[in-house]
Number of protein chains: 2
Amino acid sequence: PMEIRHLLAQWIESQDWEAASNNEAMATILLQNLLIQVDEQLDRVSQEKNLLLIHNLKRTRKLLQGKYHGNPMHIAVIISNCLREERRILAAASMPVQVMSHISLIYSISFLCHCEHQSNFSLSSPLGKMTDQDVKYLEDLQEEFDFRYKTIQSLEQSDKNSALIKQEMLALQAMLNTLDYKRKEVLSKIGRVIHEIDMLMSNMLTEELLDWKRRQQIACIGGPLHGGLDQLQNCFTLLAESLFQVRRQLEKLDELLTRLTYDGDPIPVQRPQLLEKVNFLLYNLFRNSFVVERQPCMPTHPQRPMVLKTLIQFTVKLRLLIKLPELNYQIRVKCNVLHSNRRFVLCGTHVKAMNMDESANGSLSVEFRHLQPKEMKSSAGSKGNEGPHMVTEELHSISFETQVCLYGLTINLETSSLPVVMISNVSQLPNAWASIIWYNLSTNDPQNLSFFNNPPAATLSQLLEVLSWQFSSYVGRGLNSDNVFCFVF
Amino acid sequence: PMEIRHLLAQWIESQDWEAASNNEAMATILLQNLLIQVDEQLDRVSQEKNLLLIHNLKRTRKLLQGKYHGNPMHIAVIISNCLREERRILAAASMPVQVMSHISLIYSISFLCHCEHQSNFSLSSPLGKMTDQDVKYLEDLQEEFDFRYKTIQSLEQSDKNSALIKQEMLALQAMLNTLDYKRKEVLSKIGRVIHEIDMLMSNMLTEELLDWKRRQQIACIGGPLHGGLDQLQNCFTLLAESLFQVRRQLEKLDELLTRLTYDGDPIPVQRPQLLEKVNFLLYNLFRNSFVVERQPCMPTHPQRPMVLKTLIQFTVKLRLLIKLPELNYQIRVKCNVLHSNRRFVLCGTHVKAMNMDESANGSLSVEFRHLQPKEMKSSAGSKGNEGPHMVTEELHSISFETQVCLYGLTINLETSSLPVVMISNVSQLPNAWASIIWYNLSTNDPQNLSFFNNPPAATLSQLLEVLSWQFSSYVGRGLNSDNVFCFVF
DNA sequence: ACAGTTTCCCGTAAATGC
DNA sequence: TGCATTTACGGGAAACTG
């Protein structure tokens, strides 16, 4: 096996990697060369008993021959399998190879730089608070006016002409003017707060969330760990609190309105549309706040999320980023498999209520623990829409739905996991894992189940990126260099 | 380990085996000696990595210490396990040991002599046939009489006095006498046939069947193979055919009776009790003919019947020894687990119709193939009647019931397997197998589920007997000597 | 604490489907 | 016929349970 390793090492070292990573023709030459070499190796090795070697060579050949949709991620899987197997041997013998170190470093470092940015905003108190005192002031004002007005009304007709009363009437008129002014001011302030929240949500928050989701994808396939959701949760929660506060203020205004109104009163004109806007924002906020915090994963394969085996249990964790105490145990989440060609059901308790704490840092979340997928054979072989040919490239998705009822609002929530691959035997795990890598590397679409109907070609640079991740996820961040290819051959 | 082996070999060779096999005190000494030696061995071996050896030593110690109810069958299991493991090594290296050869030979040969007796009766045609022509004759006679009698009746009154007619009347009278005689004769013949069948059944047939069942028990625990049921089936079938024929004859007599009767007619007096007797015999015959031809067994453990693992499928074959073509596909057998402390249900199709042929030599039988036991946890821990302490000594039984409807008879049949042991993991198989050996060696009761509440002591002779069987069942009948004990230590 | 018992699930082999 | 996929189940380890 030495010849191939050397050949490969030399070839790799002599390349201009800046160019190669964008040059698919060069990648093609590499692959074709490898195919010939691998065939030779396989002939030579076939009488030996090294099953792992033969297995890996066969997989490599299949890959190079263009099976697996030409998905080069299989090579990453082969290599990481070998890494896992030989980790101890590696540690002990520290084989003398240094190819690819700079490549993997370049990619991993460049990616890390890109990924390790911090959330650059935070809110410390509800935005709605700033208008609270205005409303309070308005209420006091109106109450005083009310009292004094009623007092005057209750006087005898004869008394109404006294100078004192006249003066009082003037004062009341002035108060009414102030009140009108204040009403307009409060409404306008509320409008501004709403607008501010809207901006925050549509610009930074959504972007930040998408970013987190992308980082989750990368982390799932072995990339650098991504931060938690606590930052985002704080933000979501504060925004929700603000919106609810504004809603209460608007209700208060309605109450004030029923007690006192007048020509040119701004409340009946502006309040409805403000309320509608608040509700719309709340609705949006809640929809975005319902996320899959930990993607589905078999506990025995923590390094291989999104690959699920039939009749073997898996785990998945949902979280609501709006953490209001009154929602504790109120949100019953239900999960289901979106059926693709094959149809699956989930056995185990698939309805569960979200609750706080549960040993996590008090997040409002729920973890399904003992779900296990079970195939429902469709007696009528309705293989109508022919998807991908291999089951390990058939994408499914687990969807979650729930309903939030709070303060008279009823909001239906729905989200779903990243695509998962259903297998029936661990022997299919490597293939399935390659599919998962390819998907999450190529797209940030959270649910493109027909990805493999027409998959994008994966580039060599992507391959190397993943190799680096897989490598570091098995060997540890510190030991992220040394040759990787040598384990294949 | 050599010391023990030698010690044991010397000890065994120096004994008077004729005496030892009846002398339990001597057996006790042997066991106590062994215990000390085993403990020493275990101390010495404990740092080695020979897991099989340690495992066997531990089991042996437990056994000698009087766990397992003092059941020495565990040693047979240990040894046969080792045999299976080391069969190849044995064949290759042919270890130089010759202890115990004569012992195992003595027991196996003596048993074989006892078992290989032949069924010593056979029937070639229905017993009922011999009376068939009598009934036919009777019918013809009666018909002729009838015709001639009616002819006379139809004549004019004037003609009735002619001499010719008078003569005819006398002839008819004579015929009536013959008829009466024949009726009596037929009834008596039928009675004799019934008696003969009764004798055959209660003496030879039942005994022969019990014998077959006992031989089945022995064969299950590794003893010599026992013959099939074809001999018995022929006998049962012929007896059933005979009885049904007699029944038809009795019906014919009833028909003749309705057409003609007279003072002193024997039919109304004797027929009812004869019919009752026939029905009774048929009922008995059917009940005995419903047998478990192959006891429940996991296909992957053909050498260990009656040990069933939860959620692993097993096979069991039922047979009706009365093979009448009209019963093909008519007998729907249903199976169930008789619940003991733990409660089990059988998953899979547990109702199936008996049919002929099915690649067997045309027997009327049904094989349940994909049954699998599943424990039903009783939420209310009703462990009322405390049975044996270990699950591997808890006996269950699988019962089978069906209904035969034939020629207006309806007969409920029921039978059950020998006791089975339910395990949940293969690791329990050796213990369970020891229980099965002990049971079937000690009793021929087909269903004593409380056997282990107060099990009989097993004798050394029984142990040696079983050892011999286990030995030969793994090594083959030809190679039935050489030391066995040496594999334990 | 502990032993008996069950559950879990990988990995090989065999069966099945296509 | 061959390959893709599923089923079957032993065996080791972990979890459960009285």
# chains A, B, ... in the order shown; residues from 1 in each chain; ligands from 1
>>> interface_residues(of="chain A", to="chain D", cutoff="8 Å", atoms="only C-alpha atoms (C1' of nucleotides)", output="list of chain:residue names")
A:Met390, A:Ser424, A:Asn425
>>> select_by_dssp(residues="region 250-444 of chain A", states="alpha helix (DSSP H)", output="JSON, numbers by chain")
{"A": [250, 251, 252, 253, 254, 255, 256, 257, 258, 259, 267, 268, 269, 270, 271, 272, 273, 274, 275, 276, 277, 278, 279, 280, 281, 282, 283, 284, 285, 286, 287, 288, 289, 429, 430, 431, 432, 433, 434, 435, 436, 437, 438, 439, 440, 441, 442]}
>>> closest_atom_pairs(of="chain C", to="chain B", cutoff="9 Å", atoms="only C-alpha atoms (C1' of nucleotides)", output="tab-separated table")
residue	atom	partner	partner_atom	distance
C:DG4	C1'	B:Met390	CA	7.7
C:DT5	C1'	B:Ser424	CA	7.9
C:DT6	C1'	B:Ser424	CA	6.5
>>> write_last_selection(atoms="C-alpha atoms (C1' of nucleotides)", output="CSV table (one decimal), in the first residue's frame")
chain,number,residue,atom,x,y,z
C,4,DG,C1',-31.1,-11.8,38.6
C,5,DT,C1',-33.3,-10.3,34.7
C,6,DT,C1',-34.5,-7.5,30.8
>>> atom_distance(atom1="CA of Glu207 (chain B)", atom2="CA of Val333 (chain B)")
25.5 Å
>>> closest_residue(among="A:Gln142, A:Arg183, A:Ser289, A:Asp263", to="Leu250 (chain A)", atoms="only C-alpha atoms")
A:Arg183
>>> closest_atom_pairs(of="region 157-267 of chain A", to="region 349-367 of chain A", cutoff="12 Å", atoms="only C-alpha atoms", output="JSON lines")
{"residue": "A:Gly228", "atom": "CA", "partner": "A:Asn361", "partner_atom": "CA", "distance": 10.5}
{"residue": "A:Leu229", "atom": "CA", "partner": "A:Ser363", "partner_atom": "CA", "distance": 9.1}
{"residue": "A:Asp230", "atom": "CA", "partner": "A:Ser363", "partner_atom": "CA", "distance": 8.0}
{"residue": "A:Gln231", "atom": "CA", "partner": "A:Ser363", "partner_atom": "CA", "distance": 11.5}
{"residue": "A:Leu232", "atom": "CA", "partner": "A:Ser363", "partner_atom": "CA", "distance": 11.4}
{"residue": "A:Gln233", "atom": "CA", "partner": "A:Ser363", "partner_atom": "CA", "distance": 8.3}
{"residue": "A:Asn234", "atom": "CA", "partner": "A:Ser363", "partner_atom": "CA", "distance": 10.3}
{"residue": "A:Thr237", "atom": "CA", "partner": "A:Leu364", "partner_atom": "CA", "distance": 10.9}
>>> select_by_dssp(residues="region 170-340 of chain B", states="strand (DSSP E)", output="compact mmCIF listing (two decimals) with C-alpha atoms, in the first residue's frame")
# COMPACT_ATOMS: atom_id res chain seq x y z
CA PHE B 290 -53.99 -35.00 18.88
CA VAL B 291 -50.29 -34.81 19.69
CA VAL B 292 -47.35 -32.43 19.59
CA GLU B 293 -45.18 -34.11 17.01
CA ARG B 294 -42.29 -31.67 17.35
CA GLN B 295 -41.97 -29.84 20.62
CA PRO B 296 -41.53 -26.03 20.56
CA CYS B 297 -38.02 -25.12 19.54
CA VAL B 307 -36.25 -23.19 25.64
CA LEU B 308 -37.94 -20.14 24.13
CA LYS B 309 -36.60 -16.63 24.02
CA PHE B 314 -39.97 -20.64 17.45
CA THR B 315 -41.53 -23.62 15.74
CA VAL B 316 -43.93 -26.27 16.92
CA LYS B 317 -45.70 -29.03 15.02
CA LEU B 318 -49.03 -30.58 15.85
CA ARG B 319 -50.37 -33.76 14.34
CA LEU B 320 -53.64 -35.60 14.27
CA ARG B 332 -58.17 -25.08 12.82
CA VAL B 333 -55.72 -25.28 15.68
CA LYS B 334 -55.30 -22.42 18.09
CA CYS B 335 -52.37 -22.05 20.43
CA ASN B 336 -51.82 -20.18 23.67
CA VAL B 337 -49.42 -19.96 26.54
CA LEU B 338 -50.60 -21.30 29.84
>>> residues_around(residues="region 414-417 of chain B", least_positions_apart="5", cutoff="6 Å", atoms="only C-alpha atoms (C1' of nucleotides)", output="ChimeraX atom specification")
/B:397-401
>>> atom_distance(atom1="CA of Val193 (chain B)", atom2="CA of Ile331 (chain B)")
28.4 Å
>>> residues_around(residues="His339 (chain A)", least_positions_apart="4", cutoff="8 Å", atoms="only C-alpha atoms (C1' of nucleotides)", output="mmCIF file with C-alpha atoms, in the first residue's frame")
data_model
loop_
_atom_site.group_PDB
_atom_site.id
_atom_site.type_symbol
_atom_site.label_atom_id
_atom_site.label_comp_id
_atom_site.auth_asym_id
_atom_site.auth_seq_id
_atom_site.Cartn_x
_atom_site.Cartn_y
_atom_site.Cartn_z
ATOM 1 C CA ARG A 343 -43.642 5.655 4.794
ATOM 2 C CA PHE A 344 -42.648 5.676 8.437
ATOM 3 C CA HIS A 396 -37.204 12.362 5.144
ATOM 4 C CA SER A 397 -38.002 14.986 7.646
#
>>> atom_distance(atom1="CA of Gln372 (chain B)", atom2="CA of Pro305 (chain B)")
14.3 Å
>>> closest_residue(among="A:Leu164, A:Leu311, A:Val421, A:Leu409", to="DC9 (chain C)", atoms="only C-alpha atoms (C1' of nucleotides)")
A:Leu311
